[in-house]
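Have a look at the structure below, then the notes.
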Amino acid sequence: MDSLKHRLPATIATERLVLTTPALAHVPQMAALANNRAIHEVLSRLPHPYAESDGRFFVEHIARGDEEFAWAITCKGEFIGTIGLHLLPDQLPELGYWLGQPHWGFGYATEAGRAVVAAARAAGATALRSRALPTNTASRNVLAKLGFTEIGGDVDGQGTLAGQRMVLMRLEFGR
C-alpha cells in the first residue's frame with residue numbers, strides 16, 4: 001500500500017469542504033467533537049473519553065503513519081471530522097470516517113467520502129472496503145451512496161467494538 005499512499009493527495013477540495021492533513025490546530029475542536037459517546041459507540045478505534053492528548057497523538061503518530069492516510073474534514077475553515085484510509089499489508093484499503101454530531105445530516109460524510117473514493121481510485125486502488133455496525137444505518141447509507149455494497153458480516157476482533165457484529169462492505173472500481 002505504500003505506492004498507493006504516496007499517490008494520494010495531501011489536500012482535496014470539494015464544493016463545501018477541504019480535506020487536509022490533520023494538524024495540531026485542529027486538536028481542540030477534534031477533542032470537543034470526538035468526546036461524544038454517540039461517536040465512540042460506532043467506531044472501533046476511538047477512545048472515550050477523548051482528550052486533547054488523544055487528538056495530539058492522532059495528529060502526530062496516526063493520521064499519516066505507516067498504516068493510515070487521514071484527512072481532517074473542514075467546512076468554512078472549521079474542523080468537523082476526519083476521513084481516511086486504513087492501509088494494511090495484503091488487504092484492501094479500508095475507508096473510515098467520523099463527523100462531529102452537530103454536523104450530521106448535511107451530506108458532509110457523503111461529500112468527503114466521494115472525494116476520498118475518487119482520490120483512491122486515481123491513486124491506483126482497485127477496490128475499497130469498509131464496515132459498519134448493523135445498527136449504524138446512517139453510515140451504511142453513506143457507504144451505499146458511495147457505491148459500496150454489503151458483502152457479508154463478521155465479528156469485530158479488536159478495538160472498542162470487539163465481539164460485535166459488523167456489516168462488511170466493498171466498492172469495486174471498474175477499469
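In the C-alpha cells, each chain is lettered A, B, ... as it comes, each chain's residues begin at 1, and ligands are numbered from 1 in order of appearance.
Using only C-alpha atoms, the protein and nucleic acid residues lying no more than 8 Å from region 128-142 of chain A, apart from those fewer than 4 places from it along its own chain, are Val42, Leu92, Pro93, Glu94, Leu95, Gly96, Ala109, Thr110, Leu146, Phe148, Gln164, Arg165, Met166, Val167, Leu168, Met169, Arg170, Leu171 and Glu172 of chain A.
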Report task. May I have all residues of region 35-157 of chain A that DSSP, computed from the backbone, assigns to alpha helix (DSSP H), given as an MDAnalysis selection string? Result -> chainID A and resid 37:40 52:57 108:122 137:145
Query raised in the report: Near Arg121 (chain A), counting only C-alpha atoms, which residues have an atom at most 12 Å away, once you skip same-chain residues fewer than 4 positions from it, shown as a ChimeraX atom specification?
Result: /A:4-5,7-9,93,114-117,125-128,171-175
Selected residues, N, CA and C atoms, written as a PDB file, in the first residue's frame, please.
ATOM      1  N   LEU A   4       0.345   3.230  -3.175  1.00  0.00           N
ATOM      2  CA  LEU A   4      -0.940   3.928  -3.179  1.00  0.00           C
ATOM      3  C   LEU A   4      -0.867   5.149  -2.264  1.00  0.00           C
ATOM      4  N   LYS A   5      -0.345   4.960  -1.079  1.00  0.00           N
ATOM      5  CA  LYS A   5      -0.273   6.038  -0.095  1.00  0.00           C
ATOM      6  C   LYS A   5       0.484   7.242  -0.641  1.00  0.00           C
ATOM      7  N   ARG A   7       0.695   8.212  -3.607  1.00  0.00           N
ATOM      8  CA  ARG A   7      -0.001   8.855  -4.726  1.00  0.00           C
ATOM      9  C   ARG A   7      -1.269   9.596  -4.287  1.00  0.00           C
ATOM     10  N   LEU A   8      -1.619   9.501  -3.008  1.00  0.00           N
ATOM     11  CA  LEU A   8      -2.808  10.196  -2.510  1.00  0.00           C
ATOM     12  C   LEU A   8      -2.490  11.674  -2.294  1.00  0.00           C
ATOM     13  N   PRO A   9      -3.445  12.549  -2.604  1.00  0.00           N
ATOM     14  CA  PRO A   9      -3.202  13.981  -2.425  1.00  0.00           C
ATOM     15  C   PRO A   9      -3.252  14.384  -0.953  1.00  0.00           C
ATOM     16  N   PRO A  93      -7.534  -1.235   0.977  1.00  0.00           N
ATOM     17  CA  PRO A  93      -7.656  -0.068   1.844  1.00  0.00           C
ATOM     18  C   PRO A  93      -9.073  -0.004   2.434  1.00  0.00           C
ATOM     19  N   ARG A 114     -17.015  10.782  -1.243  1.00  0.00           N
ATOM     20  CA  ARG A 114     -16.856  10.783  -2.713  1.00  0.00           C
ATOM     21  C   ARG A 114     -15.464  11.277  -3.111  1.00  0.00           C
ATOM     22  N   ALA A 115     -14.991  12.300  -2.407  1.00  0.00           N
ATOM     23  CA  ALA A 115     -13.671  12.846  -2.733  1.00  0.00           C
ATOM     24  C   ALA A 115     -12.571  11.832  -2.446  1.00  0.00           C
ATOM     25  N   VAL A 116     -12.657  11.134  -1.326  1.00  0.00           N
ATOM     26  CA  VAL A 116     -11.623  10.159  -0.972  1.00  0.00           C
ATOM     27  C   VAL A 116     -11.698   8.937  -1.884  1.00  0.00           C
ATOM     28  N   VAL A 117     -12.894   8.499  -2.204  1.00  0.00           N
ATOM     29  CA  VAL A 117     -13.047   7.375  -3.140  1.00  0.00           C
ATOM     30  C   VAL A 117     -12.411   7.739  -4.488  1.00  0.00           C
ATOM     31  N   ALA A 125      -5.963   2.435  -6.507  1.00  0.00           N
ATOM     32  CA  ALA A 125      -6.685   1.389  -5.773  1.00  0.00           C
ATOM     33  C   ALA A 125      -7.640   0.684  -6.733  1.00  0.00           C
ATOM     34  N   THR A 126      -7.761  -0.630  -6.599  1.00  0.00           N
ATOM     35  CA  THR A 126      -8.680  -1.394  -7.449  1.00  0.00           C
ATOM     36  C   THR A 126     -10.027  -1.612  -6.775  1.00  0.00           C
ATOM     37  N   ALA A 127     -10.047  -1.450  -5.450  1.00  0.00           N
ATOM     38  CA  ALA A 127     -11.271  -1.614  -4.672  1.00  0.00           C
ATOM     39  C   ALA A 127     -11.013  -1.043  -3.287  1.00  0.00           C
ATOM     40  N   LEU A 128     -12.088  -0.802  -2.553  1.00  0.00           N
ATOM     41  CA  LEU A 128     -12.011  -0.367  -1.167  1.00  0.00           C
ATOM     42  C   LEU A 128     -12.936  -1.230  -0.331  1.00  0.00           C
ATOM     43  N   LEU A 171     -16.322  -1.780  -2.328  1.00  0.00           N
ATOM     44  CA  LEU A 171     -16.518  -0.981  -3.537  1.00  0.00           C
ATOM     45  C   LEU A 171     -15.483  -1.407  -4.548  1.00  0.00           C
ATOM     46  N   GLU A 172     -15.936  -1.945  -5.655  1.00  0.00           N
ATOM     47  CA  GLU A 172     -15.047  -2.362  -6.753  1.00  0.00           C
ATOM     48  C   GLU A 172     -14.975  -1.236  -7.776  1.00  0.00           C
ATOM     49  N   PHE A 173     -13.764  -0.939  -8.227  1.00  0.00           N
ATOM     50  CA  PHE A 173     -13.590   0.049  -9.280  1.00  0.00           C
ATOM     51  C   PHE A 173     -13.508  -0.656 -10.614  1.00  0.00           C
ATOM     52  N   GLY A 174     -14.407  -0.362 -11.506  1.00  0.00           N
ATOM     53  CA  GLY A 174     -14.317  -0.910 -12.859  1.00  0.00           C
ATOM     54  C   GLY A 174     -13.202  -0.220 -13.598  1.00  0.00           C
ATOM     55  N   ARG A 175     -12.412  -0.971 -14.296  1.00  0.00           N
ATOM     56  CA  ARG A 175     -11.281  -0.380 -15.033  1.00  0.00           C
ATOM     57  C   ARG A 175     -11.567  -0.367 -16.502  1.00  0.00           C
TER      58      ARG A 175
END
Query - Selection: 10 Å around region 65-76 of chain A, only C-alpha atoms, excl. self and same-chain fewer than 6 positions, as an MDAnalysis selection string - result: chainID A and resid 1:2 5:6 8:23 26 30 58:59 82:89 93:99 103 108:109 112 116
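CA of Ala119 (chain A) to CA of Arg64 (chain A) spans 15.7 Å [interatomic distance, one decimal].
Here CA of Trp104 (chain A) is placed at a distance of 11.0 Å from CA of Ile39 (chain A).
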Report task. Do a neighbour search on Leu24 (chain A) at 12 Å with only C-alpha atoms, toss out local chain neighbours closer than 3 positions, and write the hits as a PyMOL selection string. Result -> chain A and resi 21+27-31+52-61+63+72+79
Query raised in the report: Between CA of Arg37 (chain A) and CA of Asp154 (chain A), what is the spacing in Å?
Result: 23.2 Å
Query raised in the report: Please, which residues of region 29-126 of chain A, numbered as in this document, come out strand (DSSP E or B) from DSSP, as a PyMOL selection string?
Result: chain A and resi 68-75+78-86+94-99
Create the file for the chosen residues now, containing C-alpha atoms and written as a short mmCIF file (atom, residue, chain, number, x, y, z; two decimals), in the first residue's frame.
data_model
loop_
_atom_site.label_atom_id
_atom_site.label_comp_id
_atom_site.auth_asym_id
_atom_site.auth_seq_id
_atom_site.Cartn_x
_atom_site.Cartn_y
_atom_site.Cartn_z
CA GLU A 68 -3.10 5.39 7.82
CA PHE A 69 -3.73 8.22 5.44
CA ALA A 70 -6.21 10.52 7.13
CA TRP A 71 -7.61 13.91 6.27
CA ALA A 72 -9.17 16.47 8.57
CA ILE A 73 -12.57 17.45 7.20
CA THR A 74 -13.03 21.21 7.37
CA CYS A 75 -16.01 23.34 6.43
CA GLU A 78 -13.74 24.78 10.90
CA PHE A 79 -12.71 21.20 11.77
CA ILE A 80 -15.79 18.95 11.62
CA GLY A 81 -14.38 15.39 11.49
CA THR A 82 -11.91 13.03 9.88
CA ILE A 83 -11.88 10.62 6.99
CA GLY A 84 -9.16 8.30 5.83
CA LEU A 85 -7.88 5.02 4.54
CA HIS A 86 -6.56 2.28 6.82
CA GLU A 94 -10.44 0.46 4.39
CA LEU A 95 -12.42 3.69 4.29
CA GLY A 96 -13.34 5.08 7.69
CA TYR A 97 -14.66 8.41 8.90
CA TRP A 98 -16.45 10.28 11.65
CA LEU A 99 -18.15 13.64 11.87
#
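Distances to His40 (chain A) were evaluated for A:Gly113, A:Gly159, A:Pro102, A:Gly124 using only C-alpha atoms, and the minimum falls at A:Gly159.
The closest residue to Ala162 (chain A), picked from A:Leu43, A:Ala51, A:Ala38, A:Leu33 and counting only C-alpha atoms, is A:Leu43.
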